[in-house]
Amino acid sequence: MQDFAVFATPGNALGAAIAGLLGLLIGSFLNVVIYRMPKMMQRESDNYVASESGRPLPHTDRYNLMLPRSACPHCHHAISGIENIPVISYLALGGKCKQCKEPISARYPLVELFTALMSAALIWHFGAGITGLAALIFAWLLIAMSGIDADTQLLPDDLTYPLLWIGLLLNIHATFVPLSDAVIGAVAGYLCLWTIYWVFKLLTGKEGMGYGDFKLLAALGAWMGWQMLPLIILLSSLVGAVVGLCLILFGKHGRDNPIPFGPYLAAAGLLALLAGQALTRSYMQWLA
């Protein structure tokens with residue numbers, strides 16, 4: 001027990017290193033979630049529409065996060081275990097499929113590396129106790145949602161709702177904030193973006209964001225309380241505006257094309273979890 005208490009202490013280098021190695025493995029799995037979950041949702045939707053119209057189901061094979069085995073999307077070469085070692089396999093293969101030599105997206109090792117670094121940082125900051133382990137789940141879910149939203153502009157309920165409920169359950173014992181602050185944070189987070197959505201739609205006739213963004217901010221409020229919402233909204237808006245402007249200026253994105261807001265909310269949420277109190281104090285001192 002005393003040995004475990006050492007790992008639960010913030011600032012433990014060994015605990016952070018172990019978390020980093022675990023993060024590499026989790027990052028590899030998150031790549032599967034990012035790639036497959038939208039396809040699973042589409043297949044489920046296709047089957048529902050077909051069943052309602054009395055047509056044969058278009059998808060009858062098993063397709064989930066475990067099956068079928070991972071394969072190259074170009075030549076369908078089955079990826080072996082030795083080809084699936086986080087980061088190392090990508091470098092050893094030169095960023096190309098072993099069989100057809102088609103390029104492998106650099107996002108795969110980047111997600112693995114980011115997940116590893118974020119996992120190590122969170123355990124270093126919080127320790128490997130209940131707070132640190134909860135923070136890992138928080139980060140992993142946000143990374144998966146960010147990748148999916150960047151690809152499809154969707155934030156699946158299968159990820160946003162668990163993040164919301166886990167935050168509320170953890171704060172029953174005030175793991176991060178008192179439960180009352182968490183409940184108010186969840187409600188305020190949802191209503192804040194919901195209000196902005198409808199004001200923007202009434203003024204422009206366009207939809208400025210999706211309902212998944214409301215649920216994600218509600219989940220962030222459930223984890224960190226209503227007091228942290230202004231900082232999260234400010235950080236996500238600033239980052240989103242800068243990135244969006246750069247994409248437009250460099251011709252990477254059309255002015256009228258929607259930009260997913262989920263990754264910026266997720267980045268702001270992670271930053272707020274790690275340094276929210278310090279940032280808020282600095283901001284209030286600057287105003288004073």
# chains A, B, ... in the order shown; residues from 1 in each chain; ligands from 1
call {"tool": "closest_atom_pairs", "arguments": {"of": "range 36-113 of chain A", "to": "range 136-153 of chain A", "cutoff": "8 Å", "atoms": "only C-alpha atoms", "output": "JSON lines"}}
result
{"residue": "A:Met37", "atom": "CA", "partner": "A:Ile148", "partner_atom": "CA", "distance": 8.0}
{"residue": "A:Pro38", "atom": "CA", "partner": "A:Ile148", "partner_atom": "CA", "distance": 7.2}
{"residue": "A:Val111", "atom": "CA", "partner": "A:Ile143", "partner_atom": "CA", "distance": 8.0}
call {"tool": "write_last_selection", "arguments": {"atoms": "N, CA, C and O atoms", "output": "mmCIF file, in the first residue's frame"}}
result
data_model
loop_
_atom_site.group_PDB
_atom_site.id
_atom_site.type_symbol
_atom_site.label_atom_id
_atom_site.label_comp_id
_atom_site.auth_asym_id
_atom_site.auth_seq_id
_atom_site.Cartn_x
_atom_site.Cartn_y
_atom_site.Cartn_z
ATOM 1 N N MET A 37 -15.751 4.358 -35.323
ATOM 2 C CA MET A 37 -17.032 4.738 -34.728
ATOM 3 C C MET A 37 -17.957 5.456 -35.712
ATOM 4 O O MET A 37 -19.154 5.141 -35.767
ATOM 5 N N PRO A 38 -17.476 6.408 -36.524
ATOM 6 C CA PRO A 38 -18.386 7.010 -37.514
ATOM 7 C C PRO A 38 -18.932 5.992 -38.501
ATOM 8 O O PRO A 38 -20.098 6.075 -38.904
ATOM 9 N N VAL A 111 -1.438 10.901 -32.910
ATOM 10 C CA VAL A 111 -2.434 10.634 -31.868
ATOM 11 C C VAL A 111 -1.809 9.797 -30.752
ATOM 12 O O VAL A 111 -2.039 10.051 -29.558
#
call {"tool": "residues_around", "arguments": {"residues": "Val187 in chain A", "least_positions_apart": "3", "cutoff": "9 Å", "atoms": "only C-alpha atoms", "output": "PyMOL selection string"}}
result
chain A and resi 182-184+190-192+218+221-222+226
call {"tool": "residues_around", "arguments": {"residues": "Leu234 in chain A", "least_positions_apart": "3", "cutoff": "12 Å", "atoms": "only C-alpha atoms", "output": "list in words"}}
result
Met228, Leu229, Pro230, Leu231, Ser237, Leu238, Val239, Gly240, Ala241, Tyr264, Leu265, Ala267, Ala268, Gly269, Leu271, Ala272, Gly276, Leu279, Thr280 and Tyr283 of chain A
call {"tool": "write_last_selection", "arguments": {"atoms": "C-alpha atoms", "output": "PDB file, in the first residue's frame"}}
result
ATOM      1  CA  MET A 228     -14.501  27.223 -15.334  1.00  0.00           C
ATOM      2  CA  LEU A 229     -16.926  27.649 -18.252  1.00  0.00           C
ATOM      3  CA  PRO A 230     -15.998  31.276 -19.124  1.00  0.00           C
ATOM      4  CA  LEU A 231     -12.310  30.295 -19.393  1.00  0.00           C
ATOM      5  CA  SER A 237     -13.043  30.592 -29.185  1.00  0.00           C
ATOM      6  CA  LEU A 238      -9.597  32.172 -29.427  1.00  0.00           C
ATOM      7  CA  VAL A 239      -7.942  29.007 -30.696  1.00  0.00           C
ATOM      8  CA  GLY A 240     -10.811  28.274 -33.071  1.00  0.00           C
ATOM      9  CA  ALA A 241     -10.752  31.790 -34.496  1.00  0.00           C
ATOM     10  CA  TYR A 264     -11.105  23.454 -29.682  1.00  0.00           C
ATOM     11  CA  LEU A 265     -13.504  22.778 -26.810  1.00  0.00           C
ATOM     12  CA  ALA A 267      -8.194  21.450 -26.078  1.00  0.00           C
ATOM     13  CA  ALA A 268      -9.590  24.180 -23.845  1.00  0.00           C
ATOM     14  CA  GLY A 269     -10.995  21.552 -21.474  1.00  0.00           C
ATOM     15  CA  LEU A 271      -5.841  23.072 -20.555  1.00  0.00           C
ATOM     16  CA  ALA A 272      -8.442  24.128 -17.994  1.00  0.00           C
ATOM     17  CA  GLY A 276      -7.434  26.397 -15.117  1.00  0.00           C
ATOM     18  CA  LEU A 279      -5.010  30.901 -15.627  1.00  0.00           C
ATOM     19  CA  THR A 280      -8.113  32.256 -13.912  1.00  0.00           C
ATOM     20  CA  TYR A 283      -6.668  36.748 -15.701  1.00  0.00           C
TER      21      TYR A 283
END
call {"tool": "atom_distance", "arguments": {"atom1": "CA of Ile82 in chain A", "atom2": "CA of Lys101 in chain A"}}
result
16.6 Å
call {"tool": "select_by_dssp", "arguments": {"residues": "range 67-185 of chain A", "states": "strand (DSSP E or B)", "output": "VMD selection string"}}
result
chain A and resid 71 78 96 103
call {"tool": "residues_around", "arguments": {"residues": "Leu91 in chain A", "least_positions_apart": "2", "cutoff": "12 Å", "atoms": "only C-alpha atoms", "output": "number ranges by chain"}}
result
A: 83-89, 93-98, 103-106, 108-110
call {"tool": "closest_atom_pairs", "arguments": {"of": "range 101-180 of chain A", "to": "range 204-211 of chain A", "cutoff": "10 Å", "atoms": "only C-alpha atoms", "output": "tab-separated table"}}
result
residue	atom	partner	partner_atom	distance
A:Gln153	CA	A:Gly210	CA	8.2
A:Leu154	CA	A:Gly210	CA	7.9
A:Leu155	CA	A:Tyr211	CA	8.4
A:Asp157	CA	A:Tyr211	CA	9.9
call {"tool": "closest_residue", "arguments": {"among": "A:Ile26, A:Cys100, A:Leu57, A:Leu247", "to": "His74 in chain A", "atoms": "only C-alpha atoms"}}
result
A:Cys100
call {"tool": "decode", "arguments": {"residues": "range 93-108 of chain A", "atoms": "N, CA, C and O atoms", "output": "PDB file, in the first residue's frame"}}
result
ATOM      1  N   LEU A  93       8.287   1.235 -40.933  1.00  0.00           N
ATOM      2  CA  LEU A  93       7.695   1.039 -42.256  1.00  0.00           C
ATOM      3  C   LEU A  93       7.864   2.252 -43.164  1.00  0.00           C
ATOM      4  O   LEU A  93       7.446   2.225 -44.325  1.00  0.00           O
ATOM      5  N   GLY A  94       8.473   3.303 -42.633  1.00  0.00           N
ATOM      6  CA  GLY A  94       8.662   4.509 -43.423  1.00  0.00           C
ATOM      7  C   GLY A  94       7.364   5.226 -43.732  1.00  0.00           C
ATOM      8  O   GLY A  94       7.257   5.946 -44.740  1.00  0.00           O
ATOM      9  N   GLY A  95       6.354   5.020 -42.875  1.00  0.00           N
ATOM     10  CA  GLY A  95       5.072   5.691 -43.084  1.00  0.00           C
ATOM     11  C   GLY A  95       4.288   5.144 -44.262  1.00  0.00           C
ATOM     12  O   GLY A  95       3.433   5.844 -44.815  1.00  0.00           O
ATOM     13  N   LYS A  96       4.566   3.876 -44.655  1.00  0.00           N
ATOM     14  CA  LYS A  96       3.881   3.286 -45.807  1.00  0.00           C
ATOM     15  C   LYS A  96       3.403   1.880 -45.472  1.00  0.00           C
ATOM     16  O   LYS A  96       3.967   1.199 -44.609  1.00  0.00           O
ATOM     17  N   CYS A  97       2.366   1.440 -46.166  1.00  0.00           N
ATOM     18  CA  CYS A  97       1.867   0.076 -46.015  1.00  0.00           C
ATOM     19  C   CYS A  97       2.954  -0.910 -46.427  1.00  0.00           C
ATOM     20  O   CYS A  97       3.625  -0.725 -47.450  1.00  0.00           O
ATOM     21  N   LYS A  98       3.104  -1.980 -45.674  1.00  0.00           N
ATOM     22  CA  LYS A  98       4.139  -2.978 -45.963  1.00  0.00           C
ATOM     23  C   LYS A  98       3.930  -3.635 -47.318  1.00  0.00           C
ATOM     24  O   LYS A  98       4.899  -3.964 -48.016  1.00  0.00           O
ATOM     25  N   GLN A  99       2.673  -3.796 -47.725  1.00  0.00           N
ATOM     26  CA  GLN A  99       2.389  -4.537 -48.955  1.00  0.00           C
ATOM     27  C   GLN A  99       2.248  -3.632 -50.179  1.00  0.00           C
ATOM     28  O   GLN A  99       2.937  -3.831 -51.184  1.00  0.00           O
ATOM     29  N   CYS A 100       1.353  -2.625 -50.111  1.00  0.00           N
ATOM     30  CA  CYS A 100       1.089  -1.822 -51.307  1.00  0.00           C
ATOM     31  C   CYS A 100       1.892  -0.526 -51.358  1.00  0.00           C
ATOM     32  O   CYS A 100       1.864   0.183 -52.364  1.00  0.00           O
ATOM     33  N   LYS A 101       2.585  -0.179 -50.272  1.00  0.00           N
ATOM     34  CA  LYS A 101       3.445   0.998 -50.180  1.00  0.00           C
ATOM     35  C   LYS A 101       2.668   2.324 -50.257  1.00  0.00           C
ATOM     36  O   LYS A 101       3.270   3.378 -50.474  1.00  0.00           O
ATOM     37  N   GLU A 102       1.347   2.267 -50.069  1.00  0.00           N
ATOM     38  CA  GLU A 102       0.577   3.506 -50.000  1.00  0.00           C
ATOM     39  C   GLU A 102       0.890   4.205 -48.676  1.00  0.00           C
ATOM     40  O   GLU A 102       1.106   3.553 -47.652  1.00  0.00           O
ATOM     41  N   PRO A 103       0.924   5.557 -48.679  1.00  0.00           N
ATOM     42  CA  PRO A 103       1.251   6.279 -47.443  1.00  0.00           C
ATOM     43  C   PRO A 103       0.238   6.021 -46.324  1.00  0.00           C
ATOM     44  O   PRO A 103      -0.960   5.910 -46.585  1.00  0.00           O
ATOM     45  N   ILE A 104       0.739   5.932 -45.116  1.00  0.00           N
ATOM     46  CA  ILE A 104      -0.093   5.839 -43.915  1.00  0.00           C
ATOM     47  C   ILE A 104      -0.175   7.236 -43.317  1.00  0.00           C
ATOM     48  O   ILE A 104       0.839   7.913 -43.190  1.00  0.00           O
ATOM     49  N   SER A 105      -1.372   7.663 -42.960  1.00  0.00           N
ATOM     50  CA  SER A 105      -1.548   9.009 -42.418  1.00  0.00           C
ATOM     51  C   SER A 105      -0.661   9.226 -41.195  1.00  0.00           C
ATOM     52  O   SER A 105      -0.584   8.377 -40.292  1.00  0.00           O
ATOM     53  N   ALA A 106      -0.009  10.381 -41.155  1.00  0.00           N
ATOM     54  CA  ALA A 106       0.845  10.720 -40.008  1.00  0.00           C
ATOM     55  C   ALA A 106       0.031  10.953 -38.748  1.00  0.00           C
ATOM     56  O   ALA A 106       0.583  11.027 -37.651  1.00  0.00           O
ATOM     57  N   ARG A 107      -1.291  11.062 -38.916  1.00  0.00           N
ATOM     58  CA  ARG A 107      -2.120  11.287 -37.738  1.00  0.00           C
ATOM     59  C   ARG A 107      -2.062  10.118 -36.763  1.00  0.00           C
ATOM     60  O   ARG A 107      -2.189  10.307 -35.547  1.00  0.00           O
ATOM     61  N   TYR A 108      -1.844   8.913 -37.271  1.00  0.00           N
ATOM     62  CA  TYR A 108      -1.824   7.749 -36.381  1.00  0.00           C
ATOM     63  C   TYR A 108      -0.719   7.852 -35.332  1.00  0.00           C
ATOM     64  O   TYR A 108      -0.998   7.750 -34.128  1.00  0.00           O
TER      65      TYR A 108
END
